[in-house]
Amino acid sequence: MSLETKQSAKGELVFTSFLFVAGAIVFWDTLNLATTAVDGVIGPKVFPFIISISLMVLSLLQLISVFRGNLGSPEDIEGGTQVSKPNWKGLGIVIGALVAFILLQEIIGFMISATLLFFSVAWTLGERKWLRLLLISIAVSVAIYYGFTAGLQLKLPLGFEFLFPAEVEEW
Amino acid sequence: MDFTHFLEGFANSLTLTNLGFGLLGTLLGTLVGVLPGIGPALAISLLLPITFSVEPQSALIMFAAIYYGTMFGGSTTSILLNTPGESGSVMTAIEGNKMARAGRAGAALATAAIGSFVAGAIATGILAIAAPSIAELGLMLRPADYFALMVVAFGTVGAVMGQSPIRGLISLLIGLSISLIGIDLQSGAQRLTFGSMNAMDGIETVVVIVSLFALGEAMYVAFRGKLEHAKINEFKGGAWLSKDDWKRSWKPWLRGTAIGFPSGVLPAGGSELPTFLSYSLEKRLAKNKDEFGKGAIEGVAGPEAANNANAAGALVPLLALGLPTSATAAVILAAFQQFNIQAGPLLFVDQPVLVWTLIGSLFIGNFLLLVINLPLVRVWVKLLQIPAPYLYAGILVFAMVGAYALNNLSFDLWAALFIGIIGLLFRRFGYPITPLILGVILGPMAEVELRRTLQISNGDPSALVATPFSALAYLILAAALATPYLLPPIKRLLQSKK
């Protein structure tokens with residue numbers, strides 16, 4: 001076993017254990033479910049019990065299978081090639097950009113935060129012409145904002161509400 | 001077939017609004033099919049917010065057209081770019097790209113488009129005839145039978161997809177677990193909410209789908225992928241077939257349809273399996289076997305017909321029984337639910353105009369697709385020049401909009417991020433996504449039928465297998481699960497794909 005396979009085996013073991021824990025959480029939650037007398041013959045516990053027990057059993061079997069060396073192979077990449085070396089930095093930036101978007105969009109508005117998200121993701125995935133990318137990021141974000149709010153009548157945050165404190169509503 | 005309703009629906013599908021939404025759907029579908037990284041299930045779930053502002057009929061026509069359209073568009077990418085635009089076009093890339101390199105791109109594109117049209121027309125015809133009869137059968141089914149049908153769907157989709165049956169089944173169970181989150185409608189019990197107010201309404205289906213496909217895929221590409229600037233195969237002249245090409249194509253089209261349609265009706269989990277089967281069948285039947293691997297037109301014609309027929313086939317159990325057999329069908333079912341329309345046997349009784357207009361629109365959409373794909377192929381080729389980083393960034397922004405616009409809650413976005421990470425891990429460790437989605441959508445329905453059955457029988461579990469239909473269904477499931485072990489050659493064949 002090379003170092004790389006050893007590490008990915010470790011990763012898969014951790015992931016499979018996580019699946020088992022997920023099953024255990026569902027089981028524990030079902031066990032502690034408050035039920036009432038009006039539930040009838042079949043209450044809200046039966047189905048979750050079936051699911052959680054099956055999940056725990058199957059992930060345990062899978063854990064054994066991984067121990068024996070049956071590792072899952074990563075999926076192919078659409079529109080590119082797969083690299084065997086994990087790019088933790090790239091993944092970190094994408095997740096970080098998403099977290100920043102979720103935290104910021106209601107404060108600084110959809111358009112600015114979506115521009116940031118678009119720019120940082122495309123940059124991480126290999127686009128280097130930054131001026132073109134910046135212009136396209138802004139154009140896409142503005143277009144989506146007005147397309148969804150004016151076109152489809154959906155609400156997206158405009159932001160900066162802290163600058164305009166809500167006036168006291170008169171009753 | 002209900003002929004008066006069919007004519008009424010067909011006439012209704014020719015109204016300006018319905019034609020417009022059909023055309024929009026075919027264009028969007030082709031676009032989505034051509035672009036790598038975005039498939040029909042994701043595209044439709046990103047568009048689910050329009051269910052707030054568009055009539056049910058128009059929206060459903062558009063969604064069905066998108067489903068058909070991706071199957072048309074996926075071939076263009078496979079042939080000109082040697083990277084499948086769609087999972088149903090993986091097989092097309094093998095021969096199609098070789099043909100393009102040998103200067104026969106026009107013929108490959110033409111046999112794909114015409115084959116898709118032929119398969120779509122035949123399969124939609126069978127759909128129109130078969131669906132009402134199956135719906136009538138569906139009216140006679142009891143809760144135990146419905147539960148059995150769902151268990152069969154769970155079992156086969158879980159076992160067929162992915163690198164090992166156990167991975168597929170675990171994926172399904174994770175989906176079922178997610179479907180438990182929220183207040184149980186029958187008892188009012190709060191399951192897996194952990195005291196969160198937002199979790200009481202459950203996790204929106206759209207959020208699950210969008211995060212698994214868009215967020216999971218983008219994270220995975222950042223983690224393990226290297227996007228290259230696309231090298232597009234040159235192609236001169238128009239997309240058309242010579243006399244010899246016609247002669248070599250028509251049989252594979254029909255055989256592809258014959259494989260694709262039933263595999264769509266049955267819960268085989270999408271278009272990967274039928275296209276693979278069609279490709280290997282054509283390879284075996286070919287007179288000149290040496291040509292396979294070097295650009296045999298049969299290897300494009302068969303799978304492309306199969307994936308279209310598969311899409312039409314998947315609509316049969318969706319409309320007639322309310323039972324999705326692929327991820328895309330599951331998303332369309334979610335759209336029905338958004339409109340509070342019950343897909344299933346009563347659909348043909350309660351909403352004859354809606355369902356027959358939808359079927360009529362499928363015929364028209366199929367024809368429109370032929371028109372916009374053959375002569376306009378150069379326009380679509382231009383789209384292939386969009387750099388992939390822009391695509392993934394755009395998909396991600398759209399996904400966040402789709403997840404947020406439903407309820408305007410940041411909670412939905414956090415849920416999307418969390419489920420997106422599950423999608424990333426699933427891709428990394430070879431777990432299939434489709435069973436999870438089926439679990440999320442079918443889980444609540446399966447639980448209702450289970451509880452109904454056991455309520456009637458006063459808790460006696462033997463009621464689950466007491467009807468002839470349910471017993472038969474479980475027998476078929478057992479046979480289907482045992483087959484790979486009983487027939488090792490088939491299994492070896494399936495593994496050689498990897």
# chains A, B, ... in the order shown; residues from 1 in each chain; ligands from 1
call {"tool": "residues_around", "arguments": {"residues": "region 199-207 of chain B", "least_positions_apart": "2", "cutoff": "8 Å", "atoms": "only C-alpha atoms", "output": "list in words"}}
result
Ser45, Leu46, Leu48, Ile178, Ser179, Leu180, Ile181, Gly182, Ile183, Gln190, Thr193, Gly195, Ser196, Met197, Ile209, Val210, Ser211, Ala334, Gly402, Ala403, Asp412, Leu413, Ala415, Ala416, Val440 and Ile441 of chain B
call {"tool": "write_last_selection", "arguments": {"atoms": "C-alpha atoms", "output": "mmCIF file, in the first residue's frame"}}
result
data_model
loop_
_atom_site.group_PDB
_atom_site.id
_atom_site.type_symbol
_atom_site.label_atom_id
_atom_site.label_comp_id
_atom_site.auth_asym_id
_atom_site.auth_seq_id
_atom_site.Cartn_x
_atom_site.Cartn_y
_atom_site.Cartn_z
ATOM 1 C CA SER B 45 -34.720 22.089 -9.461
ATOM 2 C CA LEU B 46 -33.023 25.453 -10.041
ATOM 3 C CA LEU B 48 -38.586 25.235 -9.303
ATOM 4 C CA ILE B 178 -33.165 13.439 5.734
ATOM 5 C CA SER B 179 -36.830 12.969 4.781
ATOM 6 C CA LEU B 180 -37.653 12.285 8.446
ATOM 7 C CA ILE B 181 -36.569 15.756 9.558
ATOM 8 C CA GLY B 182 -39.488 17.890 10.706
ATOM 9 C CA ILE B 183 -42.933 17.451 12.173
ATOM 10 C CA GLN B 190 -40.967 16.377 16.039
ATOM 11 C CA THR B 193 -35.379 18.762 14.689
ATOM 12 C CA GLY B 195 -35.265 21.995 18.917
ATOM 13 C CA SER B 196 -34.733 24.112 15.818
ATOM 14 C CA MET B 197 -37.769 26.087 14.699
ATOM 15 C CA ILE B 209 -31.204 18.459 -4.858
ATOM 16 C CA VAL B 210 -29.534 21.775 -5.541
ATOM 17 C CA SER B 211 -26.910 21.252 -2.885
ATOM 18 C CA ALA B 334 -41.442 17.615 -6.585
ATOM 19 C CA GLY B 402 -32.669 28.589 -5.768
ATOM 20 C CA ALA B 403 -32.149 27.489 -2.181
ATOM 21 C CA ASP B 412 -31.900 26.817 4.008
ATOM 22 C CA LEU B 413 -28.486 27.991 2.828
ATOM 23 C CA ALA B 415 -28.632 23.210 5.173
ATOM 24 C CA ALA B 416 -27.534 23.414 1.530
ATOM 25 C CA VAL B 440 -35.848 12.151 0.235
ATOM 26 C CA ILE B 441 -38.804 12.392 -2.144
#
call {"tool": "residues_around", "arguments": {"residues": "Lys247 (chain B)", "least_positions_apart": "6", "cutoff": "12 Å", "atoms": "only C-alpha atoms", "output": "number ranges by chain"}}
result
B: 111, 241, 253, 297-298, 301
call {"tool": "closest_residue", "arguments": {"among": "A:Ile53, A:Leu104, A:Leu134, A:Leu152", "to": "chain B", "atoms": "only C-alpha atoms"}}
result
A:Leu152
call {"tool": "select_by_dssp", "arguments": {"residues": "region 4-163 of chain A", "states": "alpha helix (DSSP H)", "output": "PyMOL selection string"}}
result
chain A and resi 4-31+46-67+88-108+110-124+130-146
call {"tool": "write_last_selection", "arguments": {"atoms": "C-alpha atoms", "output": "CSV table (one decimal), in the first residue's frame"}}
result
chain,number,residue,atom,x,y,z
A,4,GLU,CA,-1.6,7.8,-0.8
A,5,THR,CA,-3.9,4.7,-0.7
A,6,LYS,CA,-3.3,4.4,3.0
A,7,GLN,CA,-4.5,8.0,3.5
A,8,SER,CA,-7.5,7.5,1.3
A,9,ALA,CA,-8.3,4.3,3.2
A,10,LYS,CA,-8.2,6.3,6.4
A,11,GLY,CA,-10.4,8.9,4.9
A,12,GLU,CA,-13.0,6.4,3.8
A,13,LEU,CA,-12.9,4.7,7.2
A,14,VAL,CA,-13.7,8.1,8.8
A,15,PHE,CA,-16.5,8.7,6.3
A,16,THR,CA,-18.0,5.3,6.8
A,17,SER,CA,-17.9,5.7,10.6
A,18,PHE,CA,-19.7,9.0,10.1
A,19,LEU,CA,-22.5,7.2,8.2
A,20,PHE,CA,-22.8,4.8,11.2
A,21,VAL,CA,-23.0,7.8,13.6
A,22,ALA,CA,-25.7,9.3,11.4
A,23,GLY,CA,-27.7,6.1,11.8
A,24,ALA,CA,-27.1,6.1,15.5
A,25,ILE,CA,-28.3,9.7,15.8
A,26,VAL,CA,-31.5,8.8,14.0
A,27,PHE,CA,-31.9,5.8,16.3
A,28,TRP,CA,-31.3,7.8,19.5
A,29,ASP,CA,-33.6,10.6,18.4
A,30,THR,CA,-36.4,8.1,17.7
A,31,LEU,CA,-35.9,6.4,21.0
A,46,VAL,CA,-41.7,2.6,13.4
A,47,PHE,CA,-40.4,4.0,10.1
A,48,PRO,CA,-37.4,5.8,11.7
A,49,PHE,CA,-36.5,2.6,13.6
A,50,ILE,CA,-36.4,0.6,10.4
A,51,ILE,CA,-34.3,3.2,8.6
A,52,SER,CA,-31.8,3.8,11.5
A,53,ILE,CA,-31.2,0.2,12.2
A,54,SER,CA,-30.7,-0.6,8.5
A,55,LEU,CA,-28.3,2.3,8.2
A,56,MET,CA,-26.3,1.2,11.2
A,57,VAL,CA,-26.1,-2.4,10.0
A,58,LEU,CA,-25.2,-1.6,6.4
A,59,SER,CA,-22.6,1.0,7.4
A,60,LEU,CA,-21.0,-1.5,9.8
A,61,LEU,CA,-20.8,-4.0,7.0
A,62,GLN,CA,-19.4,-1.4,4.7
A,63,LEU,CA,-16.8,-0.5,7.4
A,64,ILE,CA,-15.7,-4.1,7.4
A,65,SER,CA,-15.5,-4.1,3.7
A,66,VAL,CA,-13.3,-1.0,3.7
A,67,PHE,CA,-11.1,-2.6,6.3
A,88,TRP,CA,-7.4,21.2,0.1
A,89,LYS,CA,-6.7,24.8,-0.6
A,90,GLY,CA,-9.1,24.9,-3.5
A,91,LEU,CA,-11.8,23.1,-1.5
A,92,GLY,CA,-11.2,25.5,1.5
A,93,ILE,CA,-11.7,28.5,-0.7
A,94,VAL,CA,-14.9,27.3,-2.2
A,95,ILE,CA,-16.4,26.3,1.1
A,96,GLY,CA,-15.1,29.6,2.6
A,97,ALA,CA,-16.7,31.6,-0.2
A,98,LEU,CA,-20.0,29.8,0.4
A,99,VAL,CA,-19.9,30.5,4.1
A,100,ALA,CA,-19.0,34.2,3.4
A,101,PHE,CA,-21.9,34.4,1.0
A,102,ILE,CA,-24.4,33.0,3.5
A,103,LEU,CA,-23.2,35.3,6.3
A,104,LEU,CA,-22.9,38.4,4.1
A,105,GLN,CA,-25.8,38.4,1.7
A,106,GLU,CA,-28.4,39.7,4.1
A,107,ILE,CA,-26.1,42.5,5.2
A,108,ILE,CA,-24.3,43.7,2.1
A,110,PHE,CA,-27.1,39.7,-2.9
A,111,MET,CA,-25.4,41.5,-5.7
A,112,ILE,CA,-22.1,42.2,-3.9
A,113,SER,CA,-21.9,38.9,-2.1
A,114,ALA,CA,-22.8,36.9,-5.3
A,115,THR,CA,-20.0,38.8,-7.1
A,116,LEU,CA,-17.6,37.8,-4.5
A,117,LEU,CA,-18.8,34.2,-4.6
A,118,PHE,CA,-18.7,34.0,-8.4
A,119,PHE,CA,-15.2,35.6,-8.6
A,120,SER,CA,-13.6,33.5,-5.9
A,121,VAL,CA,-15.0,30.2,-7.2
A,122,ALA,CA,-14.0,30.8,-10.9
A,123,TRP,CA,-10.6,32.0,-9.7
A,124,THR,CA,-10.1,28.9,-7.7
A,130,TRP,CA,-9.0,38.7,-13.4
A,131,LEU,CA,-10.4,41.9,-15.0
A,132,ARG,CA,-12.6,39.9,-17.4
A,133,LEU,CA,-13.6,37.7,-14.5
A,134,LEU,CA,-14.5,40.6,-12.3
A,135,LEU,CA,-16.6,42.3,-15.0
A,136,ILE,CA,-18.5,39.0,-15.7
A,137,SER,CA,-19.0,38.3,-12.0
A,138,ILE,CA,-20.6,41.7,-11.6
A,139,ALA,CA,-22.7,41.3,-14.7
A,140,VAL,CA,-24.0,37.9,-13.7
A,141,SER,CA,-24.9,38.9,-10.2
A,142,VAL,CA,-26.7,42.0,-11.2
A,143,ALA,CA,-28.5,40.1,-14.0
A,144,ILE,CA,-29.6,37.3,-11.7
A,145,TYR,CA,-30.8,39.8,-9.0
A,146,TYR,CA,-33.0,41.7,-11.4
call {"tool": "residues_around", "arguments": {"residues": "Gly295 (chain B)", "least_positions_apart": "5", "cutoff": "9 Å", "atoms": "only C-alpha atoms", "output": "list of chain:residue names"}}
result
B:Ile94, B:Glu95, B:Gly96, B:Asn97, B:Lys98, B:Met99, B:Ala100, B:Arg101, B:Ala102, B:Arg104, B:Val300
call {"tool": "closest_residue", "arguments": {"among": "B:Pro468, B:Gly175, B:Gly299, B:Pro267", "to": "chain A", "atoms": "only C-alpha atoms"}}
result
B:Gly175
call {"tool": "interface_residues", "arguments": {"of": "chain B", "to": "chain A", "cutoff": "7 Å", "atoms": "only C-alpha atoms", "output": "count of residues only"}}
result
41
call {"tool": "residues_around", "arguments": {"residues": "Val371 (chain B)", "least_positions_apart": "2", "cutoff": "12 Å", "atoms": "only C-alpha atoms", "output": "PyMOL selection string"}}
result
chain B and resi 23+26-27+30+69+72+110+113-114+116-117+239+364-369+373-377
call {"tool": "residues_around", "arguments": {"residues": "Ile437 (chain B)", "least_positions_apart": "5", "cutoff": "10 Å", "atoms": "only C-alpha atoms", "output": "JSON, numbers by chain"}}
result
{"B": [171, 172, 174, 175, 176, 178, 179, 205, 208, 209, 212, 326, 327, 328, 330, 331, 432, 442, 443]}
call {"tool": "atom_distance", "arguments": {"atom1": "CA of Ala214 (chain B)", "atom2": "CA of Leu425 (chain B)"}}
result
13.6 Å
call {"tool": "select_by_dssp", "arguments": {"residues": "region 160-300 of chain B", "states": "strand (DSSP E or B)", "output": "ChimeraX atom specification"}}
result
/B:182-183,190-191,225-227
call {"tool": "write_last_selection", "arguments": {"atoms": "N, CA and C atoms", "output": "PDB file, in the first residue's frame"}}
result
ATOM      1  N   GLY B 182     -38.313  17.034  10.651  1.00  0.00           N
ATOM      2  CA  GLY B 182     -39.488  17.890  10.706  1.00  0.00           C
ATOM      3  C   GLY B 182     -40.630  17.255  11.484  1.00  0.00           C
ATOM      4  N   ILE B 183     -41.779  17.942  11.434  1.00  0.00           N
ATOM      5  CA  ILE B 183     -42.933  17.451  12.173  1.00  0.00           C
ATOM      6  C   ILE B 183     -43.617  16.337  11.392  1.00  0.00           C
ATOM      7  N   GLN B 190     -42.090  15.696  16.686  1.00  0.00           N
ATOM      8  CA  GLN B 190     -40.967  16.377  16.039  1.00  0.00           C
ATOM      9  C   GLN B 190     -39.797  15.425  15.910  1.00  0.00           C
ATOM     10  N   ARG B 191     -39.461  15.084  14.668  1.00  0.00           N
ATOM     11  CA  ARG B 191     -38.367  14.135  14.474  1.00  0.00           C
ATOM     12  C   ARG B 191     -37.126  14.851  13.952  1.00  0.00           C
ATOM     13  N   GLY B 225     -10.346  18.086  -9.187  1.00  0.00           N
ATOM     14  CA  GLY B 225     -10.386  18.225 -10.636  1.00  0.00           C
ATOM     15  C   GLY B 225      -9.408  19.236 -11.183  1.00  0.00           C
ATOM     16  N   LYS B 226      -9.169  19.110 -12.485  1.00  0.00           N
ATOM     17  CA  LYS B 226      -8.375  20.098 -13.174  1.00  0.00           C
ATOM     18  C   LYS B 226      -9.147  20.422 -14.433  1.00  0.00           C
ATOM     19  N   LEU B 227      -9.629  21.654 -14.538  1.00  0.00           N
ATOM     20  CA  LEU B 227     -10.432  22.024 -15.690  1.00  0.00           C
ATOM     21  C   LEU B 227      -9.510  22.480 -16.803  1.00  0.00           C
TER      22      LEU B 227
END
call {"tool": "atom_distance", "arguments": {"atom1": "CA of Ser271 (chain B)", "atom2": "CA of Asn310 (chain B)"}}
result
6.3 Å
call {"tool": "decode", "arguments": {"residues": "region 77-147 of chain A", "atoms": "C-alpha atoms", "output": "compact mmCIF listing (two decimals), in the first residue's frame"}}
result
# COMPACT_ATOMS: atom_id res chain seq x y z
CA ILE A 77 -14.96 15.15 -13.49
CA GLU A 78 -17.29 16.62 -16.10
CA GLY A 79 -15.47 19.09 -18.32
CA GLY A 80 -11.99 18.28 -17.02
CA THR A 81 -9.75 15.57 -15.66
CA GLN A 82 -9.37 14.08 -12.25
CA VAL A 83 -6.22 14.69 -10.27
CA SER A 84 -5.17 12.18 -7.63
CA LYS A 85 -3.67 14.78 -5.29
CA PRO A 86 -6.34 16.35 -3.12
CA ASN A 87 -6.48 20.12 -3.44
CA TRP A 88 -7.36 21.15 0.12
CA LYS A 89 -6.71 24.81 -0.58
CA GLY A 90 -9.14 24.88 -3.48
CA LEU A 91 -11.81 23.11 -1.47
CA GLY A 92 -11.23 25.46 1.46
CA ILE A 93 -11.67 28.53 -0.72
CA VAL A 94 -14.93 27.25 -2.24
CA ILE A 95 -16.40 26.34 1.15
CA GLY A 96 -15.13 29.61 2.61
CA ALA A 97 -16.69 31.57 -0.24
CA LEU A 98 -20.02 29.84 0.38
CA VAL A 99 -19.87 30.53 4.12
CA ALA A 100 -19.02 34.17 3.44
CA PHE A 101 -21.93 34.41 1.00
CA ILE A 102 -24.39 33.00 3.53
CA LEU A 103 -23.17 35.32 6.27
CA LEU A 104 -22.94 38.43 4.13
CA GLN A 105 -25.82 38.39 1.68
CA GLU A 106 -28.44 39.70 4.06
CA ILE A 107 -26.06 42.46 5.24
CA ILE A 108 -24.30 43.74 2.13
CA GLY A 109 -26.93 42.45 -0.26
CA PHE A 110 -27.14 39.73 -2.87
CA MET A 111 -25.37 41.53 -5.69
CA ILE A 112 -22.09 42.23 -3.91
CA SER A 113 -21.90 38.91 -2.12
CA ALA A 114 -22.78 36.93 -5.27
CA THR A 115 -20.05 38.83 -7.13
CA LEU A 116 -17.58 37.76 -4.45
CA LEU A 117 -18.78 34.15 -4.62
CA PHE A 118 -18.65 33.97 -8.41
CA PHE A 119 -15.23 35.59 -8.58
CA SER A 120 -13.57 33.45 -5.93
CA VAL A 121 -14.99 30.15 -7.21
CA ALA A 122 -14.05 30.78 -10.85
CA TRP A 123 -10.60 31.98 -9.73
CA THR A 124 -10.07 28.86 -7.66
CA LEU A 125 -11.13 26.64 -10.55
CA GLY A 126 -8.42 28.10 -12.75
CA GLU A 127 -9.57 31.34 -14.37
CA ARG A 128 -6.75 33.88 -14.22
CA LYS A 129 -7.88 36.81 -16.40
CA TRP A 130 -9.02 38.75 -13.37
CA LEU A 131 -10.39 41.88 -15.01
CA ARG A 132 -12.61 39.93 -17.40
CA LEU A 133 -13.64 37.67 -14.55
CA LEU A 134 -14.49 40.61 -12.31
CA LEU A 135 -16.64 42.27 -14.97
CA ILE A 136 -18.46 39.02 -15.71
CA SER A 137 -18.99 38.35 -11.98
CA ILE A 138 -20.64 41.74 -11.56
CA ALA A 139 -22.73 41.35 -14.72
CA VAL A 140 -23.96 37.87 -13.74
CA SER A 141 -24.85 38.90 -10.19
CA VAL A 142 -26.73 42.01 -11.25
CA ALA A 143 -28.54 40.12 -14.02
CA ILE A 144 -29.61 37.33 -11.65
CA TYR A 145 -30.76 39.83 -9.04
CA TYR A 146 -33.01 41.73 -11.41
CA GLY A 147 -34.06 38.60 -13.30
